[in-house]
Amino acid sequence: ADGFRTLDEIKEDGTINIGVFSDKNPFGYVDENGDYQGYDVYFANRLGEDLGVDINFVSTEAANRIEYLQTGKVDVILANFTVTPERAEEVDFALPYMNVALGVISPDSNVIDSLDNWNPDDQMIVISGTTAETYLTQNYPDIPLQKYDSYATAKNALENGNGVAWANDNTEVIAFAKQNEGYTVGIPSLGSADTIAPAVTKGNDTLLDWINEEIQTLGEENFFHADYEATLLDTYGADYEDELVVEGGVTSADAEADSEAESETVADETEAESETAAETEAVAETESETAA
Amino acid sequence: MNWEFIMKYLPLYEKAAVLTVRIGLMGVVIAIIVGLICAAIQYYKVPVLKHIVGIYIELSRNTPLLVQLFFIYYGLPKVGIRTQADVCGVIGLAFLGGSYMAEAFRSGLEAIEPIQAESAMSLGMNRYQMMRYVILPQAMSISVPAFMANVIFLLKETSVFSAISLMDLMFTAKDLIGLYYKTTESLFLLVVFYLIILLPISILGSILERRLRYAGFGA
Amino acid sequence: MPDLGLEVLLKGKNMMRLIGGLGIALKISLISVVVSIPLGILLGALMTWKNPITKAILRLYLEFIRIMPQMVLLFLVYFGSTRAFGWDLSGETASIIVFILWGTAEMSDLVRGALSSIPKHQYESSEALGLSKVQTYLYIIIPQTLRRLIPLSINLITRMIKTTSLILMIGVVEVLKVAQQIIEANRMASPNAAFGIYLAVFLLYFLACWPISMLAKYLEKRWK
Amino acid sequence: MAEELLKIEHLTKKFEDNMILDDVSLTVHRGEVIVVVGPSGCGKSTMLRCINALEPIQGGTIEIDGQQISQKSKNLTELRQKVGMVFQSYELFPHLTVLNNILLAPTKVQKREKEEVKKEAMELLDRVGLKEKADSFPRQLSGGQKQRVAIVRALCMHPEILLFDEVTAALDPEMVREVLDVMLQLAQQGKTMVIVTHEMQFARAIADRVIFLEGGKIVEDADPDTFFDHPQTERAKQFLNVFTFENVKHKTAEEN
Amino acid sequence: MAEELLKIEHLTKKFEDNMILDDVSLTVHRGEVIVVVGPSGCGKSTMLRCINALEPIQGGTIEIDGQQISQKSKNLTELRQKVGMVFQSYELFPHLTVLNNILLAPTKVQKREKEEVKKEAMELLDRVGLKEKADSFPRQLSGGQKQRVAIVRALCMHPEILLFDEVTAALDPEMVREVLDVMLQLAQQGKTMVIVTHEMQFARAIADRVIFLEGGKIVEDADPDTFFDHPQTERAKQFLNVFTFENVKHKTAEEN
Ligand SMILES: Nc1ncnc2c1ncn2[C@@H]1O[C@H](COP(=O)(O)OP(=O)(O)OP(=O)(O)O)[C@@H](O)[C@H]1O
Ligand SMILES: Nc1ncnc2c1ncn2[C@@H]1O[C@H](COP(=O)(O)OP(=O)(O)OP(=O)(O)O)[C@@H](O)[C@H]1O
Ligand SMILES: [Mg+2]
Ligand SMILES: [Mg+2]
């Protein structure tokens, strides 16, 4: 095949390779016993179970994810992968299973709540290959970025004061603020409201279709709510549950517009934004100049 | 191969190359100073200090630069010692390179037969004159091959700076792969730039080495 | 005294995981060295061939490998070659390939050096005793070359172990990556763990490499 | 006259275009001791190396025991076994013990019984005073001891003829003596030898014939008394002069 | 009798617990040539090195020109300039040309005019036959040439006394002769010298007095004729025996 394995080939082999983060608590990380844990991993485990194969977790970095799919090093990426049009040209996204936007976190001592009038001496921490990096590079080319290639190093850099703030998925920065004292999410929502979805190698339709069906089926048992309660509740509390979770591949916007689940997931996002924003205060109104 | 992409991001690589060379050379220069001091301490067998130097050399030579950098950049701030990424890079390179340079200089000094010092002394030279006119000029030229090898080694090692967010060549390539998914082009530029930086030094090194080995003094 | 990561280190299987990560580094270096030695000997011998084309190709290969940073080689093989040839390469396999390529280049140079350091009169006195060419190599030259080679190849192992720290960059979960995972999993409980964990990694590498380089030094002195 | 053991005829040897040995002819009979002397670079070492086919030759023939030897000889290793050679520099194999240095060639080349060779080796070592060094490594020996082992190693192959190339040049006087004494012993036992040396007193004492080589040519070939007391050529006289000194001290004493 | 230039009294020297020089006393007068002989390891080199304060001493005194010299002497570098020393191995500075090897100490240590020293150096080089080698580097010279340069280098410092430690031990016979001839010249010019050598004929020719050292003690101290023809001690007789050979060839000749 063209650098990927079809559904049948995976089943035959008995093992599926799933790329996840290993240092992004609480979405994908490794506990002290060496076991993978987190929201993404919970889902991945279920995929393996329903496929009837063993799972081989592959630890990825943000910047590697596309590369891993394109060179067939993994079958699926379940590493908090935000859906963007640029990425959709390189890989195939399945139905979404989480909502996300960008957020900026900074220490209480110097809260950054706007990106305008940026002090050129200050550096913004980002992780290489994330939507935050792409967004800031395109929309705020004058902000000096300090780039790291893993979550662990980026978080360390924030703690150590190597940059004034850290821009990333808001889910991630909110979690960080909740887990660590002394940090504030000064800008809770930046750019477009996006979704997070599994991705497969471009053209791997058999696997893509199966995952889409699976997500829809799982919606019937409210699987992702259960996932949230098992992995994210400790961090976010109950308040964020409806806001973050996308059940059955249907975003709230989709539900309202009653649109088709099989359609290109990216297409409908802009319509979704007002809806999402209205529902919460934490994920605030998104700016209108979205990347899409 | 997408030449448009290559031309577009060429300037980015140029900037990164400048940073690689700048930090690399700063590291090398400090490493030379550290190396000279350590070699002198070992050569003169300064009590206490020589043991400290010995421990430093073993620690530095038997651990990877990346781990040294991680410890300095991410670990030390936890006990209140903070450094900027570029400073950290230079420190790391100097910490690593210092021991390599020390070994190069020391073996240069030790390669000189004691009879050289003795004949200098029996000609009435004092310690300073002996060092200045007899020992150092010889030790330096004996150290040249090892020294050049170390310079190349240290410049190569700068490739790990990307891990502490320094925008060096390696970092730029990684970043462009992550941003635009143009793996082939990014890696092509990376190889080309490293060749541009390292090839001349390597050639210079082998010329110097050949001169010293086959011709010696008076070539 | 704030917690600097010692507790975290002792929690669960954390220590064992770090050591396991080091085990992977050791495994990769050992496999690479074991393969590199015969390949290097072969290449070192090929280098003495008169054929100018073989020579030019080998030189090009050796120079390229020795000039490129190992990290670049890792990226070239792991990402570049999978793109170019469409094969599926795990990070571990890619590292072994790179280390073998690199180790072979280094080894062939060591072999060349060791062979040329055997004085000519060793060949001659062996021949004068009536030993055939094969016997001369078998009983006189190879044993002496190996003696010079063994400490140097042991040294190569430590250099490889140190270089394995880079393979986290191509997604192999080794010591540093395990360290990051531990720090991350315990960010809440022990925010300063980075110090202790990275220090532990530093010491682990030292403990792995130091005895080996001591052994190399000892053998070198003994067999001088 | 005893049988002809070594017969060199019209030997020429060049390095590139330099004529190193120029039409050299020499016959050595069984039991004879030949000493070759001459200034540095005159070709003494080269001559010995040609006899052992360590160098290719450009003209002439070399016969050992009636068989021609050259680098192309089919039975080269067999012929070489008839010639024992000891070099100037300590050419023992550093990775083998003294005993294994000696045993290597007899057991591997001549395929002799290890025990038998060992017995012989120990006897020979005993005779040169090195029995207790059998299990030492070469680096644990002094220069003189190494050379005596090298001689034993050559002897143990039962060669027909022994070649010695300045075997004492790198030694202290007392060590020189140890080694020369062994060679004197061998001469007394009637071994056939060709010896290159700069020790003139020793040469005189041991030689049946002295060959004076200069510029790649044999300039004199005489019995030792004739050569040392009445050298025939001007060159030989000059050469021998190097080894004699005229007193200078009386002059200085007068000046005082 | 000429003035006392070097006066060693009750010198003792140990390496750790080994007594190397044991109560050695020796007086050298201006213009005298002393040759020191003795078996290897008897302490000859060590004695010379003590005279130049290259080794710390454990007892006794060494006086040069009336001034005591030791490693603690305040004016050590000045005293060392009165002593010229030439070693066995090539101790020329390999990174300097022959001329610069010679000029270094006179210009840097004695701060003399470069031109004046250069003129003198060229004259001396001429006298040892090496004028045209002035701009060569040491590695371009033969062993004998190197040693002659080393002698010139020492001479150019105008030392009161010259020490030679087996300066020909590593040389070929003809080179040995070149160097010894230079030393004979110096003796004729009345230079004060202490010479360690294994060349017995040369020793006899050049010495005013021969010192026989054994086990760190001076065993004999006599004029050369007495020492070589009628050694007083058993040890000296044994030592001299090393240099004489009895003919063996007649025996072999008979056997033939
Ligand atoms: N491999 C070689 N290539 C070129 N020339 C050589 C080689 N070996 C020896 N020669 C030259 O051949 C000549 C004779 O050398 P040889 O070693 O036989 O002299 P020798 O009489 O043994 O001198 P010595 O007394 O110094 O040992 C010398 O001029 C030397 O330079
Ligand atoms: N640096 C040293 N440390 C310990 N022992 C030494 C040292 N230098 C010399 N010796 C010992 O001192 C003794 C005298 O040595 P020295 O070199 O003076 O002898 P020598 O008479 O010059 O011998 P040779 O004729 O071999 O040159 C020897 O037994 C030697 O082993
Ligand atoms: Mg010779
Ligand atoms: Mg001595």
# chains A, B, ... in the order shown; residues from 1 in each chain; ligands from 1
>>> residues_near_ligand(ligand="ligand 4", cutoff="9 Å", atoms="only C-alpha atoms and all ligand atoms", output="JSON list (two decimals) with N, CA and C atoms, in the first residue's frame")
[["chain", "number", "residue", "atom", "x", "y", "z"],
["E", 40, "SER", "N", 76.38, -0.25, 33.43],
["E", 40, "SER", "CA", 75.08, 0.39, 33.31],
["E", 40, "SER", "C", 74.38, 0.47, 34.66],
["E", 41, "GLY", "N", 73.80, 1.62, 34.94],
["E", 41, "GLY", "CA", 73.05, 1.78, 36.17],
["E", 41, "GLY", "C", 73.90, 2.11, 37.38],
["E", 42, "CYS", "N", 75.22, 2.37, 37.19],
["E", 42, "CYS", "CA", 76.08, 2.61, 38.34],
["E", 42, "CYS", "C", 75.96, 4.03, 38.85],
["E", 43, "GLY", "N", 75.27, 4.91, 38.09],
["E", 43, "GLY", "CA", 75.06, 6.27, 38.59],
["E", 43, "GLY", "C", 75.80, 7.35, 37.82],
["E", 44, "LYS", "N", 76.35, 7.03, 36.67],
["E", 44, "LYS", "CA", 77.12, 8.01, 35.91],
["E", 44, "LYS", "C", 76.25, 9.20, 35.48],
["E", 45, "SER", "N", 75.13, 8.88, 34.84],
["E", 45, "SER", "CA", 74.25, 9.96, 34.40],
["E", 45, "SER", "C", 73.77, 10.78, 35.59],
["E", 46, "THR", "N", 73.41, 10.08, 36.64],
["E", 46, "THR", "CA", 72.90, 10.77, 37.81],
["E", 46, "THR", "C", 73.93, 11.76, 38.34],
["E", 88, "GLN", "N", 72.59, 12.17, 25.92],
["E", 88, "GLN", "CA", 72.68, 11.08, 24.96],
["E", 88, "GLN", "C", 71.73, 11.25, 23.78],
["E", 165, "ASP", "N", 77.15, 13.24, 28.36],
["E", 165, "ASP", "CA", 76.62, 11.97, 28.86],
["E", 165, "ASP", "C", 76.35, 11.01, 27.71],
["E", 166, "GLU", "N", 77.28, 10.11, 27.46],
["E", 166, "GLU", "CA", 77.13, 9.11, 26.40],
["E", 166, "GLU", "C", 76.59, 9.71, 25.12],
["E", 196, "VAL", "N", 81.10, 11.05, 30.13],
["E", 196, "VAL", "CA", 80.69, 9.67, 30.37],
["E", 196, "VAL", "C", 80.65, 8.98, 29.01],
["E", 197, "THR", "N", 81.33, 7.86, 28.89],
["E", 197, "THR", "CA", 81.33, 7.18, 27.58],
["E", 197, "THR", "C", 81.58, 5.69, 27.75]]
>>> residues_near_ligand(ligand="ligand 2", cutoff="10 Å", atoms="only C-alpha atoms and all ligand atoms", output="MDAnalysis selection string")
(chainID D and resid 171:174) or (chainID E and resid 13:21 36:50 55 88 165:166 169 196:198 213:216)
>>> write_last_selection(atoms="N, CA, C and O atoms", output="compact mmCIF listing (two decimals), in the first residue's frame")
# COMPACT_ATOMS: atom_id res chain seq x y z
N LEU D 171 72.26 -1.77 21.82
CA LEU D 171 72.41 -2.27 23.20
C LEU D 171 73.52 -1.59 23.98
O LEU D 171 74.48 -1.07 23.41
N ASP D 172 73.41 -1.64 25.31
CA ASP D 172 74.49 -1.20 26.20
C ASP D 172 75.65 -2.20 26.15
O ASP D 172 75.43 -3.38 25.87
N PRO D 173 76.88 -1.75 26.47
CA PRO D 173 78.06 -2.62 26.32
C PRO D 173 77.92 -3.99 26.97
O PRO D 173 78.24 -5.01 26.37
N GLU D 174 77.39 -4.03 28.20
CA GLU D 174 77.31 -5.34 28.84
C GLU D 174 76.32 -6.25 28.16
O GLU D 174 76.51 -7.46 28.06
N LYS E 13 73.03 10.69 46.90
CA LYS E 13 71.82 10.91 46.12
C LYS E 13 70.99 9.64 46.19
O LYS E 13 71.50 8.53 46.00
N LYS E 14 69.73 9.79 46.55
CA LYS E 14 68.85 8.62 46.62
C LYS E 14 67.64 8.82 45.72
O LYS E 14 67.16 9.94 45.56
N PHE E 15 67.14 7.74 45.13
CA PHE E 15 65.79 7.75 44.57
C PHE E 15 64.94 6.93 45.51
O PHE E 15 65.15 5.73 45.65
N GLU E 16 63.99 7.59 46.16
CA GLU E 16 63.27 6.96 47.26
C GLU E 16 64.30 6.37 48.23
O GLU E 16 65.12 7.11 48.75
N ASP E 17 64.30 5.05 48.41
CA ASP E 17 65.25 4.50 49.38
C ASP E 17 66.51 3.93 48.74
O ASP E 17 67.39 3.42 49.44
N ASN E 18 66.59 4.00 47.41
CA ASN E 18 67.77 3.45 46.76
C ASN E 18 68.91 4.44 46.77
O ASN E 18 68.78 5.56 46.29
N MET E 19 70.02 4.04 47.32
CA MET E 19 71.21 4.87 47.32
C MET E 19 71.84 4.78 45.93
O MET E 19 72.28 3.72 45.51
N ILE E 20 71.83 5.89 45.19
CA ILE E 20 72.36 5.87 43.82
C ILE E 20 73.80 6.38 43.80
O ILE E 20 74.66 5.83 43.12
N LEU E 21 74.04 7.47 44.53
CA LEU E 21 75.41 7.96 44.67
C LEU E 21 75.73 7.98 46.16
O LEU E 21 74.97 8.55 46.95
N VAL E 36 84.38 9.35 32.89
CA VAL E 36 83.75 8.49 33.88
C VAL E 36 83.27 7.23 33.17
O VAL E 36 82.53 7.32 32.19
N VAL E 37 83.72 6.07 33.65
CA VAL E 37 83.22 4.82 33.09
C VAL E 37 82.64 3.95 34.20
O VAL E 37 82.87 4.22 35.38
N GLY E 38 81.90 2.93 33.79
CA GLY E 38 81.31 2.04 34.79
C GLY E 38 80.14 1.32 34.18
O GLY E 38 79.60 1.76 33.16
N PRO E 39 79.73 0.22 34.81
CA PRO E 39 78.63 -0.57 34.24
C PRO E 39 77.32 0.22 34.23
O PRO E 39 77.17 1.21 34.93
N SER E 40 76.38 -0.25 33.43
CA SER E 40 75.08 0.39 33.31
C SER E 40 74.38 0.47 34.66
O SER E 40 74.41 -0.48 35.43
N GLY E 41 73.80 1.62 34.94
CA GLY E 41 73.05 1.78 36.17
C GLY E 41 73.90 2.11 37.38
O GLY E 41 73.40 2.17 38.50
N CYS E 42 75.22 2.37 37.19
CA CYS E 42 76.08 2.61 38.34
C CYS E 42 75.96 4.03 38.85
O CYS E 42 76.50 4.36 39.90
N GLY E 43 75.27 4.91 38.09
CA GLY E 43 75.06 6.27 38.59
C GLY E 43 75.80 7.35 37.82
O GLY E 43 75.85 8.50 38.27
N LYS E 44 76.35 7.03 36.67
CA LYS E 44 77.12 8.01 35.91
C LYS E 44 76.25 9.20 35.48
O LYS E 44 76.59 10.36 35.73
N SER E 45 75.13 8.88 34.84
CA SER E 45 74.25 9.96 34.40
C SER E 45 73.77 10.78 35.59
O SER E 45 73.72 12.00 35.55
N THR E 46 73.41 10.08 36.64
CA THR E 46 72.90 10.77 37.81
C THR E 46 73.93 11.76 38.34
O THR E 46 73.59 12.88 38.73
N MET E 47 75.20 11.36 38.34
CA MET E 47 76.23 12.26 38.83
C MET E 47 76.26 13.54 38.00
O MET E 47 76.27 14.65 38.53
N LEU E 48 76.26 13.40 36.67
CA LEU E 48 76.28 14.59 35.82
C LEU E 48 75.06 15.46 36.07
O LEU E 48 75.15 16.69 36.13
N ARG E 49 73.90 14.81 36.22
CA ARG E 49 72.67 15.57 36.42
C ARG E 49 72.71 16.33 37.75
O ARG E 49 72.14 17.41 37.86
N CYS E 50 73.35 15.76 38.75
CA CYS E 50 73.48 16.45 40.03
C CYS E 50 74.37 17.70 39.87
O CYS E 50 74.09 18.75 40.47
N GLU E 55 68.91 17.29 39.45
CA GLU E 55 68.36 16.39 40.46
C GLU E 55 68.60 17.01 41.83
O GLU E 55 69.66 17.59 42.07
N GLN E 88 72.59 12.17 25.92
CA GLN E 88 72.68 11.08 24.96
C GLN E 88 71.73 11.25 23.78
O GLN E 88 72.11 11.12 22.63
N ASP E 165 77.15 13.24 28.36
CA ASP E 165 76.62 11.97 28.86
C ASP E 165 76.35 11.01 27.71
O ASP E 165 75.30 11.07 27.06
N GLU E 166 77.28 10.11 27.46
CA GLU E 166 77.13 9.11 26.40
C GLU E 166 76.59 9.71 25.12
O GLU E 166 75.64 9.20 24.54
N ALA E 169 76.15 7.23 22.14
CA ALA E 169 75.60 5.89 22.34
C ALA E 169 74.59 5.48 21.27
O ALA E 169 74.44 4.31 20.98
N VAL E 196 81.10 11.05 30.13
CA VAL E 196 80.69 9.67 30.37
C VAL E 196 80.65 8.98 29.01
O VAL E 196 80.02 9.49 28.08
N THR E 197 81.33 7.86 28.89
CA THR E 197 81.33 7.18 27.58
C THR E 197 81.58 5.69 27.75
O THR E 197 82.07 5.22 28.78
N HIS E 198 81.16 4.94 26.72
CA HIS E 198 81.48 3.52 26.68
C HIS E 198 82.55 3.23 25.62
O HIS E 198 82.85 2.07 25.36
N LEU E 213 83.25 4.15 38.24
CA LEU E 213 82.15 4.24 39.20
C LEU E 213 81.47 2.88 39.24
O LEU E 213 81.22 2.28 38.20
N GLU E 214 81.21 2.40 40.44
CA GLU E 214 80.39 1.19 40.53
C GLU E 214 79.50 1.24 41.75
O GLU E 214 79.96 1.64 42.83
N GLY E 215 78.24 0.88 41.59
CA GLY E 215 77.31 0.89 42.71
C GLY E 215 77.27 2.24 43.41
O GLY E 215 77.10 2.31 44.63
N GLY E 216 77.42 3.31 42.65
CA GLY E 216 77.32 4.64 43.24
C GLY E 216 78.55 5.10 43.98
O GLY E 216 78.53 6.13 44.66
>>> select_by_dssp(residues="segment 90-269 of chain A", states="helix (DSSP H, G or I)", output="PyMOL selection string")
chain A and resi 90+108-110+131-139+151-159+170-179+205-220+223-231+233-236+238-244+252-257+265-269
>>> interface_residues(of="chain C", to="chain D", cutoff="8 Å", atoms="only C-alpha atoms", output="number ranges by chain")
C: 121-122, 124-125, 127-132, 140, 143-144
>>> write_last_selection(atoms="all heavy atoms", output="mmCIF file, in the first residue's frame")
data_model
loop_
_atom_site.group_PDB
_atom_site.id
_atom_site.type_symbol
_atom_site.label_atom_id
_atom_site.label_comp_id
_atom_site.auth_asym_id
_atom_site.auth_seq_id
_atom_site.Cartn_x
_atom_site.Cartn_y
_atom_site.Cartn_z
ATOM 1 N N HIS C 121 58.638 -4.599 10.565
ATOM 2 C CA HIS C 121 59.506 -5.746 10.861
ATOM 3 C C HIS C 121 58.761 -6.900 11.506
ATOM 4 O O HIS C 121 59.264 -8.011 11.575
ATOM 5 C CB HIS C 121 60.741 -5.335 11.665
ATOM 6 C CG HIS C 121 60.433 -4.814 13.032
ATOM 7 N ND1 HIS C 121 59.931 -5.596 14.023
ATOM 8 C CD2 HIS C 121 60.592 -3.586 13.562
ATOM 9 C CE1 HIS C 121 59.773 -4.869 15.116
ATOM 10 N NE2 HIS C 121 60.163 -3.642 14.855
ATOM 11 N N GLN C 122 57.520 -6.636 11.967
ATOM 12 C CA GLN C 122 56.718 -7.751 12.464
ATOM 13 C C GLN C 122 56.331 -8.680 11.312
ATOM 14 O O GLN C 122 56.354 -9.890 11.450
ATOM 15 C CB GLN C 122 55.466 -7.231 13.172
ATOM 16 C CG GLN C 122 55.738 -6.593 14.528
ATOM 17 C CD GLN C 122 56.055 -7.633 15.580
ATOM 18 O OE1 GLN C 122 55.434 -8.676 15.653
ATOM 19 N NE2 GLN C 122 57.061 -7.355 16.398
ATOM 20 N N GLU C 124 58.024 -8.908 8.566
ATOM 21 C CA GLU C 124 59.247 -9.493 8.017
ATOM 22 C C GLU C 124 59.777 -10.620 8.885
ATOM 23 O O GLU C 124 60.183 -11.659 8.370
ATOM 24 C CB GLU C 124 60.305 -8.405 7.866
ATOM 25 C CG GLU C 124 59.921 -7.432 6.778
ATOM 26 C CD GLU C 124 61.013 -6.442 6.482
ATOM 27 O OE1 GLU C 124 61.904 -6.269 7.348
ATOM 28 O OE2 GLU C 124 60.978 -5.836 5.401
ATOM 29 N N SER C 125 59.781 -10.423 10.206
ATOM 30 C CA SER C 125 60.364 -11.500 10.997
ATOM 31 C C SER C 125 59.472 -12.721 10.939
ATOM 32 O O SER C 125 59.953 -13.844 11.031
ATOM 33 C CB SER C 125 60.621 -11.050 12.435
ATOM 34 O OG SER C 125 59.618 -10.234 12.903
ATOM 35 N N GLU C 127 57.761 -13.614 8.256
ATOM 36 C CA GLU C 127 58.072 -14.264 6.987
ATOM 37 C C GLU C 127 59.424 -14.956 7.050
ATOM 38 O O GLU C 127 59.608 -16.043 6.515
ATOM 39 C CB GLU C 127 58.077 -13.241 5.858
ATOM 40 C CG GLU C 127 56.687 -12.989 5.305
ATOM 41 C CD GLU C 127 56.720 -11.927 4.230
ATOM 42 O OE1 GLU C 127 57.604 -11.986 3.368
ATOM 43 O OE2 GLU C 127 55.860 -11.028 4.282
ATOM 44 N N ALA C 128 60.373 -14.298 7.713
ATOM 45 C CA ALA C 128 61.706 -14.881 7.796
ATOM 46 C C ALA C 128 61.672 -16.214 8.532
ATOM 47 O O ALA C 128 62.524 -17.067 8.323
ATOM 48 C CB ALA C 128 62.656 -13.910 8.497
ATOM 49 N N LEU C 129 60.678 -16.386 9.419
ATOM 50 C CA LEU C 129 60.556 -17.659 10.128
ATOM 51 C C LEU C 129 59.869 -18.703 9.255
ATOM 52 O O LEU C 129 59.686 -19.837 9.675
ATOM 53 C CB LEU C 129 59.758 -17.478 11.408
ATOM 54 C CG LEU C 129 60.527 -16.886 12.584
ATOM 55 C CD1 LEU C 129 59.572 -16.551 13.718
ATOM 56 C CD2 LEU C 129 61.593 -17.854 13.061
ATOM 57 N N GLY C 130 59.435 -18.299 8.067
ATOM 58 C CA GLY C 130 58.819 -19.259 7.174
ATOM 59 C C GLY C 130 57.316 -19.310 7.289
ATOM 60 O O GLY C 130 56.678 -20.170 6.689
ATOM 61 N N LEU C 131 56.699 -18.389 8.038
ATOM 62 C CA LEU C 131 55.238 -18.387 8.101
ATOM 63 C C LEU C 131 54.684 -17.870 6.784
ATOM 64 O O LEU C 131 55.231 -16.944 6.194
ATOM 65 C CB LEU C 131 54.748 -17.501 9.263
ATOM 66 C CG LEU C 131 54.630 -18.177 10.630
ATOM 67 C CD1 LEU C 131 55.993 -18.331 11.249
ATOM 68 C CD2 LEU C 131 53.715 -17.401 11.553
ATOM 69 N N SER C 132 53.592 -18.460 6.340
ATOM 70 C CA SER C 132 52.974 -18.003 5.095
ATOM 71 C C SER C 132 52.219 -16.708 5.377
ATOM 72 O O SER C 132 52.043 -16.313 6.515
ATOM 73 C CB SER C 132 52.013 -19.057 4.574
ATOM 74 O OG SER C 132 50.935 -19.172 5.477
ATOM 75 N N ILE C 140 50.122 -13.380 13.864
ATOM 76 C CA ILE C 140 50.940 -12.234 14.265
ATOM 77 C C ILE C 140 50.170 -10.912 14.147
ATOM 78 O O ILE C 140 50.024 -10.171 15.123
ATOM 79 C CB ILE C 140 52.212 -12.131 13.386
ATOM 80 C CG1 ILE C 140 52.937 -13.468 13.351
ATOM 81 C CG2 ILE C 140 53.112 -11.012 13.883
ATOM 82 C CD1 ILE C 140 53.426 -13.952 14.674
ATOM 83 N N PRO C 143 46.142 -10.751 15.857
ATOM 84 C CA PRO C 143 46.122 -10.641 17.325
ATOM 85 C C PRO C 143 46.620 -9.280 17.823
ATOM 86 O O PRO C 143 46.050 -8.706 18.742
ATOM 87 C CB PRO C 143 47.062 -11.762 17.781
ATOM 88 C CG PRO C 143 47.116 -12.721 16.658
ATOM 89 C CD PRO C 143 46.894 -11.932 15.408
ATOM 90 N N GLN C 144 47.655 -8.768 17.179
ATOM 91 C CA GLN C 144 48.171 -7.472 17.624
ATOM 92 C C GLN C 144 47.220 -6.334 17.274
ATOM 93 O O GLN C 144 47.047 -5.400 18.054
ATOM 94 C CB GLN C 144 49.544 -7.206 17.003
ATOM 95 C CG GLN C 144 50.627 -8.092 17.579
ATOM 96 C CD GLN C 144 51.993 -7.712 17.063
ATOM 97 O OE1 GLN C 144 52.394 -6.554 17.131
ATOM 98 N NE2 GLN C 144 52.713 -8.668 16.533
#
>>> residues_around(residues="segment 214-230 of chain A", least_positions_apart="3", cutoff="9 Å", atoms="only C-alpha atoms", output="ChimeraX atom specification")
/A:38-40,42-43,47,50,94-98,209-211,233-234,237-238,241-242,244-250,261
>>> residues_around(residues="Ile161 of chain C", least_positions_apart="2", cutoff="7 Å", atoms="only C-alpha atoms", output="NGL selection string")
:C and (25-26 or 29 or 157-159 or 163-164)
>>> closest_atom_pairs(of="segment 10-63 of chain B", to="segment 162-181 of chain B", cutoff="9 Å", atoms="only C-alpha atoms", output="tab-separated table")
residue	atom	partner	partner_atom	distance
B:Leu12	CA	B:Thr172	CA	7.4
B:Tyr13	CA	B:Leu169	CA	6.2
B:Glu14	CA	B:Leu169	CA	8.5
B:Lys15	CA	B:Asp168	CA	8.2
B:Ala16	CA	B:Asp168	CA	4.5
B:Ala17	CA	B:Leu169	CA	5.8
B:Val18	CA	B:Asp168	CA	8.2
B:Leu19	CA	B:Asp168	CA	5.9
B:Thr20	CA	B:Asp168	CA	5.2
B:Val21	CA	B:Asp168	CA	8.9
>>> write_last_selection(atoms="C-alpha atoms", output="mmCIF file, in the first residue's frame")
data_model
loop_
_atom_site.group_PDB
_atom_site.id
_atom_site.type_symbol
_atom_site.label_atom_id
_atom_site.label_comp_id
_atom_site.auth_asym_id
_atom_site.auth_seq_id
_atom_site.Cartn_x
_atom_site.Cartn_y
_atom_site.Cartn_z
ATOM 1 C CA LEU B 12 15.837 31.462 7.655
ATOM 2 C CA TYR B 13 18.627 28.918 7.323
ATOM 3 C CA GLU B 14 21.182 31.660 6.847
ATOM 4 C CA LYS B 15 20.099 33.239 10.104
ATOM 5 C CA ALA B 16 20.210 29.876 11.814
ATOM 6 C CA ALA B 17 23.661 29.167 10.408
ATOM 7 C CA VAL B 18 24.926 32.444 11.819
ATOM 8 C CA LEU B 19 23.523 31.520 15.205
ATOM 9 C CA THR B 20 25.001 28.016 15.015
ATOM 10 C CA VAL B 21 28.413 29.385 14.154
#
>>> interface_residues(of="chain A", to="chain B", cutoff="10 Å", atoms="only C-alpha atoms", output="number ranges by chain")
A: 61-67, 70, 86-87, 90, 125-131, 133-134, 137, 145-150, 152-157, 159-163
>>> residues_around(residues="Ser153 of chain C", least_positions_apart="3", cutoff="12 Å", atoms="only C-alpha atoms", output="NGL selection string")
:C and (29-30 or 32-38 or 40-41 or 103-104 or 106-111 or 114 or 145-150 or 156-160 or 212-213 or 215-217 or 219-220)
